[in-house]
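Asker: Okay, so here is protein_2.txt, and as you'll see once you scroll down, it has compact mmCIF, C-alpha atoms and all ligand atoms.
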```
# COMPACT_ATOMS: atom_id res chain seq x y z
CA MET A 1 38.86 33.47 11.40
CA GLU A 2 37.74 31.26 14.26
CA ASP A 3 34.02 30.86 14.68
CA GLU A 4 32.14 30.49 17.94
CA ALA A 5 32.04 26.67 17.84
CA THR A 6 35.81 26.39 17.32
CA LEU A 7 36.46 28.85 20.14
CA SER A 8 34.31 26.83 22.49
CA GLY A 9 36.26 23.67 21.62
CA GLY A 10 33.45 21.90 19.66
CA SER A 11 33.28 21.14 15.95
CA PRO A 12 31.59 23.78 13.80
CA ARG A 13 27.85 23.30 13.40
CA ARG A 14 26.69 22.57 9.87
CA SER A 15 23.37 23.80 8.62
CA PRO A 16 20.85 21.37 7.09
CA LYS A 17 21.22 20.77 3.36
CA ALA A 18 18.42 21.30 0.88
CA HIS A 19 16.97 18.14 -0.70
CA VAL A 20 18.50 17.41 -4.10
CA ARG A 21 15.78 16.32 -6.53
CA GLU A 22 17.57 16.85 -9.83
CA VAL A 23 21.09 16.89 -11.21
CA GLY A 24 22.06 18.75 -14.38
CA GLY A 25 18.41 19.31 -15.24
CA ARG A 26 17.67 15.58 -14.85
CA LYS A 27 14.86 14.68 -12.44
CA LEU A 28 16.20 11.91 -10.22
CA LYS A 29 14.38 8.58 -9.98
CA ALA A 30 12.83 7.38 -6.72
CA SER A 31 15.22 4.41 -6.70
CA THR A 32 18.17 6.84 -6.55
CA LEU A 33 16.58 9.10 -3.96
CA MET A 34 15.85 6.20 -1.56
CA MET A 35 19.48 6.27 -0.42
CA GLY A 36 19.47 9.76 1.05
CA HIS A 37 16.37 11.86 0.43
CA GLY A 38 14.88 13.56 3.46
CA PHE A 39 17.86 12.94 5.76
CA ASP A 40 20.71 15.37 6.42
CA PRO A 41 23.71 13.81 8.23
CA ALA A 42 24.49 17.28 9.66
CA LEU A 43 21.47 16.94 11.92
CA SER A 44 22.72 13.61 13.33
CA GLU A 45 26.41 14.05 14.17
CA GLY A 46 27.38 13.31 10.54
CA ALA A 47 25.92 9.78 10.60
CA LEU A 48 25.61 8.43 7.04
CA LYS A 49 22.40 6.63 7.96
CA PRO A 50 19.56 7.99 10.09
CA PRO A 51 19.75 6.86 13.71
CA ILE A 52 16.58 5.44 15.28
CA PHE A 53 15.09 8.31 17.27
CA LEU A 54 13.74 6.57 20.34
CA THR A 55 12.20 9.49 22.15
CA SER A 56 8.63 10.20 23.13
CA THR A 57 8.98 13.98 23.17
CA PHE A 58 11.14 16.81 21.72
CA VAL A 59 12.71 19.81 23.47
CA PHE A 60 11.66 23.34 22.44
CA GLU A 61 14.41 25.93 21.98
CA ASN A 62 12.53 28.37 24.19
CA ALA A 63 9.02 29.08 25.46
CA ALA A 64 8.15 31.34 22.54
CA ALA A 65 9.12 28.57 20.10
CA GLY A 66 6.86 26.17 22.05
CA LYS A 67 3.96 28.60 21.80
CA ARG A 68 4.59 29.19 18.10
CA HIS A 69 4.63 25.45 17.56
CA PHE A 70 1.26 24.90 19.23
CA GLU A 71 -0.25 27.86 17.38
CA GLY A 72 0.68 26.02 14.20
CA VAL A 73 -0.61 22.63 15.42
CA THR A 74 -3.96 24.02 16.55
CA GLY A 75 -4.49 26.16 13.46
CA LYS A 76 -4.36 29.47 15.39
CA ARG A 77 -1.56 30.44 13.04
CA PRO A 78 -1.91 29.43 9.37
CA GLY A 79 0.81 27.35 7.75
CA GLY A 80 0.91 24.47 10.23
CA SER A 81 3.68 23.68 12.66
CA GLU A 82 7.38 23.29 11.99
CA GLY A 83 9.57 20.88 13.86
CA LEU A 84 8.59 18.09 16.18
CA ASP A 85 7.00 18.03 19.61
CA TYR A 86 5.56 14.63 20.55
CA SER A 87 6.06 11.16 19.06
CA ARG A 88 2.38 10.32 18.68
CA PHE A 89 2.33 13.10 16.08
CA ASN A 90 5.57 12.44 14.24
CA GLY A 91 9.31 11.81 14.51
CA PRO A 92 12.42 12.06 12.34
CA ASN A 93 12.33 8.44 11.13
CA GLN A 94 8.67 8.67 10.17
CA GLU A 95 9.21 12.02 8.43
CA ILE A 96 12.08 10.68 6.33
CA LEU A 97 10.01 7.61 5.51
CA GLU A 98 7.04 9.76 4.48
CA ASP A 99 9.21 12.00 2.28
CA ARG A 100 10.57 8.92 0.52
CA LEU A 101 7.22 7.12 0.18
CA ALA A 102 5.69 10.11 -1.60
CA LEU A 103 8.42 9.98 -4.28
CA TRP A 104 7.33 6.62 -5.69
CA GLU A 105 4.00 8.00 -6.86
CA ASP A 106 5.19 11.59 -7.41
CA ALA A 107 2.76 12.58 -4.68
CA GLU A 108 2.75 15.81 -2.75
CA GLU A 109 2.93 14.08 0.64
CA ALA A 110 2.68 10.77 2.49
CA LEU A 111 1.69 9.57 5.95
CA SER A 112 2.87 6.43 7.72
CA PHE A 113 0.76 4.18 9.94
CA SER A 114 1.15 1.30 12.36
CA SER A 115 -0.48 -1.15 9.88
CA GLY A 116 -2.30 -1.18 6.57
CA MET A 117 -5.55 -1.52 8.53
CA SER A 118 -4.81 1.44 10.79
CA ALA A 119 -4.14 3.53 7.64
CA ILE A 120 -7.53 2.45 6.25
CA ALA A 121 -9.29 3.02 9.59
CA THR A 122 -7.79 6.52 9.86
CA LEU A 123 -8.89 7.30 6.29
CA LEU A 124 -12.47 6.19 7.01
CA LEU A 125 -12.70 8.09 10.31
CA THR A 126 -11.39 11.22 8.58
CA PHE A 127 -13.79 11.36 5.66
CA VAL A 128 -16.92 9.50 6.75
CA GLN A 129 -19.67 10.69 9.11
CA PRO A 130 -22.84 9.01 10.44
CA GLY A 131 -25.50 8.87 7.71
CA ASP A 132 -22.92 8.91 4.87
CA VAL A 133 -22.67 6.34 2.10
CA ILE A 134 -19.39 4.73 1.03
CA VAL A 135 -19.23 3.42 -2.53
CA HIS A 136 -16.61 0.73 -2.99
CA SER A 137 -15.37 -1.84 -5.47
CA GLY A 138 -15.77 -5.47 -4.50
CA PRO A 139 -14.37 -7.66 -3.22
CA LEU A 140 -12.12 -5.87 -0.73
CA TYR A 141 -9.56 -7.26 1.70
CA ALA A 142 -11.75 -9.01 4.28
CA ALA A 143 -10.83 -6.75 7.23
CA THR A 144 -11.63 -3.65 5.14
CA GLU A 145 -15.07 -5.09 4.33
CA THR A 146 -15.62 -5.79 8.04
CA LEU A 147 -14.56 -2.27 8.97
CA ILE A 148 -16.91 -0.64 6.46
CA ALA A 149 -19.94 -2.89 6.80
CA ARG A 150 -19.92 -4.04 10.41
CA ILE A 151 -17.98 -1.45 12.36
CA LEU A 152 -18.94 1.80 10.56
CA GLY A 153 -22.39 0.25 10.10
CA LYS A 154 -22.83 0.52 13.89
CA PHE A 155 -22.44 4.30 13.51
CA GLY A 156 -25.09 4.68 10.80
CA VAL A 157 -22.79 4.53 7.78
CA THR A 158 -24.06 2.53 4.78
CA TRP A 159 -22.29 1.28 1.67
CA LEU A 160 -22.93 0.19 -1.92
CA ASP A 161 -20.48 -1.71 -4.09
CA PHE A 162 -19.79 -2.47 -7.73
CA PRO A 163 -17.79 -5.46 -9.02
CA ALA A 164 -14.10 -4.71 -9.57
CA GLY A 165 -14.30 -4.93 -13.38
CA ALA A 166 -17.41 -2.70 -13.70
CA THR A 167 -17.81 -0.36 -16.67
CA ARG A 168 -18.23 3.41 -16.40
CA ASP A 169 -22.02 3.05 -16.88
CA GLU A 170 -22.26 0.41 -14.16
CA ILE A 171 -20.21 2.56 -11.78
CA GLU A 172 -22.37 5.62 -12.56
CA SER A 173 -25.54 3.74 -11.81
CA VAL A 174 -24.21 2.61 -8.39
CA LEU A 175 -23.09 6.19 -7.62
CA GLU A 176 -26.55 7.44 -8.58
CA GLN A 177 -28.22 4.95 -6.22
CA ALA A 178 -25.79 5.94 -3.48
CA LYS A 179 -26.56 9.65 -3.96
CA ALA A 180 -30.24 8.88 -3.42
CA GLN A 181 -29.31 7.07 -0.18
CA GLY A 182 -27.27 9.85 1.50
CA ARG A 183 -24.12 11.95 1.27
CA VAL A 184 -21.47 10.02 -0.65
CA SER A 185 -18.32 10.89 1.27
CA LEU A 186 -15.81 8.39 -0.09
CA ILE A 187 -15.21 6.17 -3.11
CA TYR A 188 -12.98 3.32 -2.01
CA LEU A 189 -11.26 0.94 -4.43
CA GLU A 190 -8.94 -2.05 -4.26
CA SER A 191 -7.10 -3.13 -7.40
CA PRO A 192 -6.28 -5.86 -8.02
CA ALA A 193 -8.90 -7.17 -5.62
CA ASN A 194 -7.80 -9.60 -2.94
CA PRO A 195 -8.05 -12.55 -3.67
CA THR A 196 -9.64 -12.52 -7.15
CA ASN A 197 -6.94 -10.36 -8.82
CA ALA A 198 -9.75 -8.50 -10.68
CA LEU A 199 -8.64 -5.00 -11.75
CA VAL A 200 -10.66 -1.82 -11.17
CA ASP A 201 -10.85 0.77 -13.98
CA VAL A 202 -9.69 3.83 -12.03
CA GLN A 203 -10.13 6.11 -15.04
CA ALA A 204 -13.76 4.99 -15.43
CA VAL A 205 -14.37 5.62 -11.71
CA ALA A 206 -12.89 9.13 -12.00
CA ALA A 207 -15.02 9.87 -15.09
CA ALA A 208 -18.19 8.59 -13.39
CA ARG A 209 -17.45 10.73 -10.34
CA ALA A 210 -16.87 13.82 -12.51
CA SER A 211 -20.24 13.44 -14.22
CA LEU A 212 -22.21 12.77 -11.01
CA PHE A 213 -20.39 15.10 -8.63
CA PRO A 214 -19.49 18.27 -10.55
CA GLU A 215 -19.27 20.01 -7.15
CA ASN A 216 -17.76 18.70 -3.90
CA PRO A 217 -16.63 15.38 -5.37
CA PRO A 218 -15.96 12.65 -2.78
CA PRO A 219 -12.28 11.60 -2.70
CA ILE A 220 -11.28 8.42 -4.52
CA ALA A 221 -8.99 6.26 -2.37
CA ILE A 222 -7.46 3.04 -3.65
CA ASP A 223 -5.69 0.17 -1.91
CA ASN A 224 -2.53 -0.17 -4.03
CA THR A 225 -0.91 -2.90 -1.89
CA PHE A 226 -0.70 -5.59 -4.58
CA LEU A 227 0.92 -3.61 -7.40
CA GLY A 228 2.24 -0.47 -5.76
CA PRO A 229 4.40 1.41 -5.98
CA LEU A 230 6.26 -0.05 -8.97
CA TRP A 231 3.57 -1.71 -11.07
CA ALA A 232 0.64 0.71 -10.56
CA LYS A 233 0.49 4.45 -9.92
CA PRO A 234 -3.23 5.14 -9.49
CA LEU A 235 -2.75 8.85 -8.70
CA ASP A 236 -1.88 9.20 -12.41
CA HIS A 237 -5.29 7.79 -13.36
CA GLY A 238 -7.57 9.91 -11.21
CA ALA A 239 -7.30 8.51 -7.67
CA ASP A 240 -6.73 11.06 -4.88
CA LEU A 241 -5.20 8.78 -2.26
CA SER A 242 -3.14 5.63 -2.71
CA ILE A 243 -3.09 3.31 0.29
CA TYR A 244 -0.56 0.68 1.23
CA SER A 245 -0.11 -2.19 3.54
CA LEU A 246 3.65 -1.50 3.79
CA THR A 247 3.82 -4.94 5.44
CA LYS A 248 3.91 -6.35 1.90
CA TYR A 249 6.24 -5.27 -0.94
CA ALA A 250 7.44 -2.00 0.62
CA GLY A 251 8.59 -3.72 3.84
CA GLY A 252 9.38 -6.73 1.72
CA HIS A 253 11.10 -9.02 4.25
CA SER A 254 8.07 -10.33 6.18
CA ASP A 255 9.47 -8.84 9.39
CA LEU A 256 7.27 -5.79 10.05
CA VAL A 257 3.69 -4.53 9.94
CA ALA A 258 2.99 -0.96 8.72
CA GLY A 259 0.79 1.15 6.46
CA GLY A 260 1.05 4.25 4.30
CA VAL A 261 -1.10 6.72 2.39
CA VAL A 262 0.17 9.02 -0.37
CA GLY A 263 -1.60 11.86 -2.17
CA ALA A 264 -2.28 15.57 -2.14
CA LYS A 265 -1.66 17.64 1.00
CA ARG A 266 -5.29 18.85 1.11
CA PHE A 267 -6.45 15.25 1.70
CA LEU A 268 -3.57 14.29 3.96
CA ASP A 269 -3.85 17.30 6.31
CA PRO A 270 -7.16 16.16 7.82
CA MET A 271 -5.85 12.58 7.96
CA ARG A 272 -2.78 13.80 9.83
CA ALA A 273 -5.02 15.57 12.36
CA MET A 274 -7.02 12.35 12.84
CA ARG A 275 -3.81 10.32 13.19
CA ASN A 276 -2.56 12.79 15.81
CA THR A 277 -5.75 12.29 17.77
CA ILE A 278 -6.03 8.50 17.64
CA GLY A 279 -2.31 7.65 17.54
CA THR A 280 -2.13 5.36 14.49
CA ILE A 281 1.37 6.45 13.40
CA THR A 282 4.10 3.85 12.85
CA ASP A 283 6.87 3.61 15.45
CA PRO A 284 10.45 4.86 14.88
CA HIS A 285 12.00 1.38 14.73
CA THR A 286 9.55 0.14 12.08
CA ALA A 287 10.00 3.39 10.14
CA TRP A 288 13.77 2.83 10.20
CA MET A 289 13.36 -0.76 8.97
CA LEU A 290 11.19 0.56 6.14
CA LEU A 291 13.90 3.06 5.16
CA ARG A 292 16.26 0.10 4.71
CA SER A 293 13.63 -1.80 2.76
CA LEU A 294 12.92 1.09 0.40
CA GLU A 295 16.57 1.20 -0.68
CA THR A 296 16.09 -2.18 -2.38
CA LEU A 297 12.42 -1.85 -3.29
CA GLU A 298 12.92 -1.56 -7.02
CA LEU A 299 15.50 -4.38 -7.09
CA ARG A 300 13.28 -6.71 -5.07
CA MET A 301 10.06 -6.00 -6.94
CA THR A 302 11.76 -6.23 -10.33
CA ARG A 303 13.32 -9.59 -9.49
CA ALA A 304 10.10 -10.94 -7.96
CA GLY A 305 8.15 -9.82 -11.05
CA GLU A 306 10.62 -11.53 -13.41
CA ASN A 307 10.56 -14.70 -11.30
CA ALA A 308 6.75 -14.74 -11.28
CA ALA A 309 6.64 -14.47 -15.10
CA LYS A 310 8.94 -17.53 -15.40
CA VAL A 311 7.11 -19.55 -12.74
CA CYS A 312 3.68 -18.78 -14.25
CA ALA A 313 4.90 -19.82 -17.72
CA PHE A 314 5.94 -23.14 -16.17
CA PHE A 315 2.59 -23.62 -14.38
CA ARG A 316 0.52 -22.76 -17.45
CA ASP A 317 1.79 -25.75 -19.40
CA HIS A 318 1.71 -28.28 -16.55
CA PRO A 319 -0.79 -31.16 -16.93
CA LYS A 320 -1.82 -31.02 -13.25
CA VAL A 321 -2.72 -27.33 -13.47
CA GLU A 322 -6.23 -26.24 -14.45
CA SER A 323 -5.46 -22.52 -14.88
CA VAL A 324 -3.27 -19.67 -13.66
CA GLY A 325 -4.78 -16.32 -12.63
CA TYR A 326 -1.79 -14.10 -13.46
CA LEU A 327 -2.19 -10.54 -14.73
CA GLY A 328 0.59 -11.07 -17.28
CA PHE A 329 -1.63 -13.61 -19.10
CA LEU A 330 -4.47 -11.15 -19.74
CA ASN A 331 -4.60 -10.54 -23.47
CA GLU A 332 -8.17 -9.81 -24.43
CA GLY A 333 -11.37 -8.38 -22.99
CA ARG A 334 -12.07 -5.63 -20.49
CA GLN A 335 -9.60 -6.82 -17.83
CA ALA A 336 -6.77 -6.84 -20.40
CA ASP A 337 -7.76 -3.32 -21.47
CA ILE A 338 -7.69 -2.06 -17.86
CA TYR A 339 -4.37 -3.83 -17.34
CA ARG A 340 -2.81 -2.08 -20.34
CA ARG A 341 -4.11 1.35 -19.26
CA ASN A 342 -3.55 1.14 -15.49
CA CYS A 343 -0.64 -1.22 -14.82
CA LEU A 344 3.10 -1.09 -15.42
CA GLY A 345 3.74 -4.74 -14.51
CA ALA A 346 1.97 -7.98 -13.66
CA GLY A 347 3.16 -8.25 -10.06
CA SER A 348 4.30 -11.42 -8.35
CA THR A 349 1.13 -12.57 -6.57
CA PHE A 350 -1.24 -14.85 -8.48
CA SER A 351 -3.81 -17.64 -8.24
CA LEU A 352 -2.99 -21.21 -9.17
CA TYR A 353 -5.96 -23.54 -9.80
CA LEU A 354 -4.93 -27.19 -9.60
CA LYS A 355 -6.92 -30.02 -11.17
CA GLY A 356 -8.86 -31.54 -8.26
CA GLY A 357 -9.90 -30.07 -4.90
CA GLU A 358 -8.68 -29.65 -1.34
CA ARG A 359 -6.84 -32.99 -1.29
CA GLU A 360 -4.73 -31.94 -4.29
CA SER A 361 -4.05 -28.39 -3.10
CA PHE A 362 -3.06 -29.62 0.38
CA ALA A 363 -0.78 -32.33 -1.08
CA PHE A 364 0.90 -29.67 -3.22
CA LEU A 365 1.35 -27.24 -0.29
CA ASP A 366 2.65 -29.97 2.04
CA SER A 367 5.28 -31.05 -0.50
CA LEU A 368 6.88 -27.64 -1.02
CA LYS A 369 10.49 -27.40 0.19
CA ILE A 370 11.51 -23.83 -0.71
CA ALA A 371 8.19 -21.97 -0.77
CA LYS A 372 6.79 -21.47 2.73
CA LEU A 373 3.21 -22.29 3.68
CA ALA A 374 2.06 -18.92 5.02
CA VAL A 375 -0.41 -16.12 4.28
CA SER A 376 0.76 -12.59 3.30
CA LEU A 377 2.73 -11.57 0.22
CA GLY A 378 5.41 -9.33 -1.19
CA GLY A 379 8.34 -10.68 0.86
CA THR A 380 11.76 -11.79 -0.34
CA GLU A 381 10.64 -15.39 0.19
CA THR A 382 8.01 -17.25 -1.80
CA LEU A 383 4.79 -17.95 0.10
CA ALA A 384 1.86 -20.22 -0.75
CA SER A 385 -1.52 -20.77 0.93
CA ALA A 386 -5.03 -22.16 0.34
CA PRO A 387 -7.47 -19.21 0.73
CA ALA A 388 -10.63 -21.38 0.90
CA ALA A 389 -9.25 -23.19 3.96
CA MET A 390 -7.31 -20.31 5.49
CA THR A 391 -7.79 -16.54 4.91
CA HIS A 392 -11.32 -16.94 3.50
CA LEU A 393 -12.51 -19.88 5.60
CA SER A 394 -15.32 -17.85 7.16
CA VAL A 395 -16.65 -16.44 3.86
CA PRO A 396 -20.09 -17.98 3.04
CA ASP A 397 -19.86 -20.75 0.40
CA ALA A 398 -21.95 -18.94 -2.24
CA ARG A 399 -19.77 -15.82 -2.01
CA LYS A 400 -16.61 -17.93 -2.13
CA GLN A 401 -17.88 -19.59 -5.30
CA ALA A 402 -18.73 -16.22 -6.85
CA MET A 403 -15.23 -14.93 -6.13
CA GLY A 404 -13.54 -18.08 -7.48
CA ILE A 405 -12.25 -19.08 -4.04
CA THR A 406 -12.49 -22.78 -4.66
CA ASP A 407 -10.85 -25.69 -2.80
CA ASN A 408 -8.35 -26.21 -5.64
CA LEU A 409 -7.07 -22.60 -5.42
CA VAL A 410 -3.55 -21.96 -4.17
CA ARG A 411 -2.43 -18.32 -3.77
CA ILE A 412 1.25 -17.80 -4.42
CA SER A 413 3.47 -14.77 -3.81
CA ILE A 414 6.81 -15.15 -5.54
CA GLY A 415 9.99 -13.89 -3.88
CA VAL A 416 13.51 -13.11 -5.05
CA GLU A 417 14.98 -16.64 -4.97
CA ASP A 418 16.47 -18.21 -8.11
CA ALA A 419 13.56 -18.78 -10.53
CA ASP A 420 14.78 -22.22 -11.65
CA ASP A 421 15.08 -23.37 -8.03
CA LEU A 422 11.49 -22.30 -7.46
CA ILE A 423 10.36 -24.10 -10.60
CA ALA A 424 12.15 -27.27 -9.39
CA ASP A 425 10.32 -26.96 -6.05
CA PHE A 426 6.92 -26.48 -7.71
CA ASP A 427 7.58 -29.28 -10.21
CA THR A 428 8.47 -31.73 -7.44
CA ALA A 429 5.42 -30.71 -5.41
CA LEU A 430 3.09 -31.11 -8.42
CA ASN A 431 4.53 -34.56 -9.04
CA ALA A 432 3.65 -35.45 -5.44
CA VAL A 433 -0.04 -34.55 -6.00
C1 LIG B 1 -4.93 -5.66 -0.08
C2 LIG B 1 -4.64 -5.50 1.40
N1 LIG B 1 -4.97 -4.36 2.02
C3 LIG B 1 -4.75 -4.17 3.34
C4 LIG B 1 -4.19 -5.17 4.12
C5 LIG B 1 -4.00 -4.93 5.57
O1 LIG B 1 -2.68 -4.64 5.85
P1 LIG B 1 -1.98 -4.90 7.28
O2 LIG B 1 -1.97 -6.38 7.49
O3 LIG B 1 -0.63 -4.28 7.11
O4 LIG B 1 -2.82 -4.20 8.31
C6 LIG B 1 -3.81 -6.37 3.51
C7 LIG B 1 -3.21 -7.45 4.32
O5 LIG B 1 -3.05 -8.56 3.88
C8 LIG B 1 -4.05 -6.55 2.12
O6 LIG B 1 -3.74 -7.70 1.49
```
Would you write the structure of this file as C-alpha cells?
Ligand SMILES: Cc1ncc(COP(=O)(O)O)c(C=O)c1O
Answerer:
Amino acid sequence: MEDEATLSGGSPRRSPKAHVREVGGRKLKASTLMMGHGFDPALSEGALKPPIFLTSTFVFENAAAGKRHFEGVTGKRPGGSEGLDYSRFNGPNQEILEDRLALWEDAEEALSFSSGMSAIATLLLTFVQPGDVIVHSGPLYAATETLIARILGKFGVTWLDFPAGATRDEIESVLEQAKAQGRVSLIYLESPANPTNALVDVQAVAAARASLFPENPPPIAIDNTFLGPLWAKPLDHGADLSIYSLTKYAGGHSDLVAGGVVGAKRFLDPMRAMRNTIGTITDPHTAWMLLRSLETLELRMTRAGENAAKVCAFFRDHPKVESVGYLGFLNEGRQADIYRRNCLGAGSTFSLYLKGGERESFAFLDSLKIAKLAVSLGGTETLASAPAAMTHLSVPDARKQAMGITDNLVRISIGVEDADDLIADFDTALNAV
C-alpha cells in the first residue's frame, strides 16, 4: 500500500526513535552512548552525525502550537514546553550535548553555557539574593572568588569560607557562623582546588549541611573541572550540582570555551529560566564541537591520566625536583582519605616544585620543546606555566605563600602524547636548569 509521502513523490517520513539506554538488560556506559545518544538521524534527513543548526528561531506548526509552547515556557501550563522556539533558550545541538553530558554523572539533566564562568555566574544569580551568605571552600578559581566577593558583594551578598581539606566539625562551625550572618543560600565547593590541588570532603560537607539545615537545605554546588567527569562524580557523594569548565577536559583540544552544569531537574529548572533571561547558553557550533570531543573523552582522559602517572614517577626521583603535588602520590593523612573516598583517578594536572626559584622555573619552561608554555589544562597537548608569575601574579604575597604558590612552582597539565617523549622533553629541560 502506498502511503501519502510516496504518493506525493517524497521519501516516507520516519518517526523519531526512542533513546536506547540498555541492551539485553545491560545498562550502557556513557562512553558507548556518546556516539549517538540524544540524536535521531530521522530528524535530520538521515544524517549519521548531527548537523550544526545555525538558526536563531524555530517555526511553529500552527498558531495553537505556538500558544501551547509559550504556555509551557511561562508556566501557565504545568509540565514545561516541548520543542524549540528561540536560540537564546536552546537548540538541537545544545540539547543533544546536554543529554550526553548528564550521562557521565548519571544525572537527571544538564545545561550548557558559553563558558565555565557564565555557568558559575548563572548559578549564583539563580540561587543567591541580596543579604544572603555564600559558604565556600577555599581557594577557588580566581575569577569565581572575584565574582562572589567583589561583584556579588556590591549587591549585599556576603561569604564565609573554610579551607579545602576542612573536617566535618570545621565545616559545621563555619556554617553555624554563616547562619548567624544571614540566609545561607548556597554552599559552593571546588575540588581539587585551583591551584593547590587540595581536595574537599564532599561527604563531610553534606553531613554538616544535614545537621545544620534539617529543613530547606541550601544546594551544594561543586566545580568538578579538574577531575570530572571520569575521575570524580561528586553527585554520588552528596553534591546537588556539578559544574564544569567544558573548555578543559570535556572540550579537550584547547579550541573552544564552554561550561556545563549537571544535576537534578529541580535545581536546573530555575537555572534554565535564568539562562533564558540572561542568554548564557553555548552556541550551536561550540555545542557541535563538544559532541565530537565527548566521543573521545574517555580515551583522552584515560591516556592523559596514564601519561601523568609515568611523568610524575619520573619527576619524583629527579635530583633537580623538590617535590611533586600529584594526587596519585597521596598515601596517608586526611587528603589521602578524601582521595580514596571521593576520587576514581589522580587526573593529569599537577604541581611541580623545582629546587630554586623563578630563575630555575623560567629556565625549565623556556627549554621545553614538546610541552607548550600556556595556561589552561585538560587538552590533548601538554601545557606548563608558572602560576606565581602568570595566573596568580596579582594575588597578595602572603596569600600566595599560604597557598603554596611559590616562584619555583610549575603547573603542568599532561596531554595524550607518547609518555616517553614527554619524559625526554622534561629530562632535557631539567638538565638545562
Ligand atoms: C577550576 C576552574 N573553574 C572554572 C574555570 C572557568 O572556566 P572558563 O575559562 O571556561 O570560563 C576555570 C578556568 O580555568 C577553572 O580552572
Asker: Within 10 Å of Ala18 in chain A, counting all atoms listed in the file, which residues qualify if same-chain residues fewer than 5 places away don't, as an NGL selection string?
Answerer: :A and (37-40)
Asker: If the limit is 9 Å from any atom of ligand LIG 1 (chain B), counting only C-alpha atoms and all ligand atoms, which residues qualify? Return them as number ranges by chain.
Answerer: A: 114-120, 140-144, 190-195, 223-226, 243-248, 256-259, 375-377
Asker: May I ask which of the residues A:Leu327, A:Ile281, A:Leu101, A:Ala47 is the closest one to Tyr339 in chain A, counting all atoms listed in the file?
Answerer: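 Ranked by minimum distance to Tyr339 in chain A, first place goes to A:Leu327.
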Asker: Which value, in Å to one decimal, gives the distance between CA of Ala384 in chain A and CA of Ala371 in chain A?
Answerer: 6.6 Å
Asker: Give me the residues near Val133 in chain A as a list in words, where near means some atom within 7 Å (using only C-alpha atoms) and where sequence neighbours in that chain fewer than 6 positions away do not count.
Answerer: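 Those residues are Val157, Thr158, Trp159, Ala178, Gly182, Arg183, Val184 and Ser185 of chain A.
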Asker: Identify which of the residues A:Thr277, A:Asn216, A:Ser385, A:Thr349 lies closest to Phe364 in chain A, counting only C-alpha atoms when measuring atom-to-atom distances.
Answerer: A:Ser385
Asker: Kindly give the distance, in Å, that separates CA of Glu45 in chain A and CA of Arg88 in chain A, rounded to a single decimal.
Answerer: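 Atom-to-atom, CA of Glu45 in chain A and CA of Arg88 in chain A are spaced 24.7 Å apart.
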Asker: At what distance in Å, to one decimal, does CA of Trp231 in chain A lie from CA of Pro217 in chain A?
Answerer: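 Between CA of Pro217 in chain A and CA of Trp231 in chain A the gap is 27.1 Å.
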Asker: Can you pull out every residue within 9 Å of range 420-428 of chain A, counting all atoms listed in the file, but drop anything in the same chain fewer than 5 positions away, and send it as a list in words?
Answerer: Asn307, Lys310, Val311, Phe314, Phe315, His318, Phe364, Ser367, Leu368, Lys369, Ile370, Ala371, Thr382 and Ile414 of chain A
Asker: Up to 9 Å from (22.7, 5.8, 2.2) in the file's coordinates: name the residues, counting all atoms listed in the file, as a list in words.
Answerer: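 Neighbouring residues, ordered by chain and number, come to Met34, Met35, Gly36, His37, Leu48, Lys49, Pro50, Arg292 and Glu295 of chain A.
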Asker: Could you give me, as JSON lines, every range 238-339 of chain A residue with an atom at most 9 Å from range 162-176 of chain A, plus its closest atom pair and distance in Å to one decimal, counting all atoms listed in the file, rows ordered by chain then number?
Answerer:
```
{"residue": "A:Arg334", "atom": "CA", "partner": "A:Gly165", "partner_atom": "CA", "distance": 7.5}
{"residue": "A:Gln335", "atom": "CA", "partner": "A:Gly165", "partner_atom": "CA", "distance": 6.7}
{"residue": "A:Ile338", "atom": "CA", "partner": "A:Gly165", "partner_atom": "CA", "distance": 8.5}
```
Asker: Using all atoms listed in the file, find the one residue out of A:Asp418, A:Asp397, A:Glu105, A:Asp85 that sits nearest to Leu241 in chain A.
Answerer: A:Glu105
Asker: Quick one: of A:Pro92, A:Ala65, A:Phe70, A:Met271, who's nearest to Pro284 in chain A, counting only C-alpha atoms?
Answerer: A:Pro92
Asker: Looking at only C-alpha atoms, which of A:Leu297, A:Leu430, A:Ala221, A:Ala419 is the one that sits closest to Ile134 in chain A?
Answerer: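 Among the listed residues, the smallest separation from Ile134 in chain A belongs to A:Ala221.
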Asker: Within 12 Å of Met390 in chain A, counting only C-alpha atoms, which residues qualify if same-chain residues fewer than 3 places away don't, as a list in words?
Answerer: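 In the requested form, the answer reads Glu358, Phe362, Leu373, Ala374, Val375, Ser376, Ala384, Ser385, Ala386, Pro387, Leu393, Ser394, Val395, Ile405, Thr406, Asp407, Leu409, Val410 and Arg411 of chain A.
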Asker: Using only C-alpha atoms, find the one residue out of A:Gly153, A:Gly404, A:Pro139, A:Pro229 that sits nearest to Leu294 in chain A.
Answerer: A:Pro229
Asker: With only C-alpha atoms as the counted atoms, please give the residues lying no more than 6 Å from Ser81 in chain A, apart from itself and same-chain residues fewer than 5 positions off, as an mmCIF file with C-alpha atoms, in the frame of the given file.
Answerer:
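Output contents, as saved in out_34.cif:
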```cif
data_model
loop_
_atom_site.group_PDB
_atom_site.id
_atom_site.type_symbol
_atom_site.label_atom_id
_atom_site.label_comp_id
_atom_site.auth_asym_id
_atom_site.auth_seq_id
_atom_site.Cartn_x
_atom_site.Cartn_y
_atom_site.Cartn_z
ATOM 1 C CA HIS A 69 4.630 25.450 17.560
ATOM 2 C CA GLY A 72 0.680 26.020 14.200
ATOM 3 C CA VAL A 73 -0.610 22.630 15.420
#
```
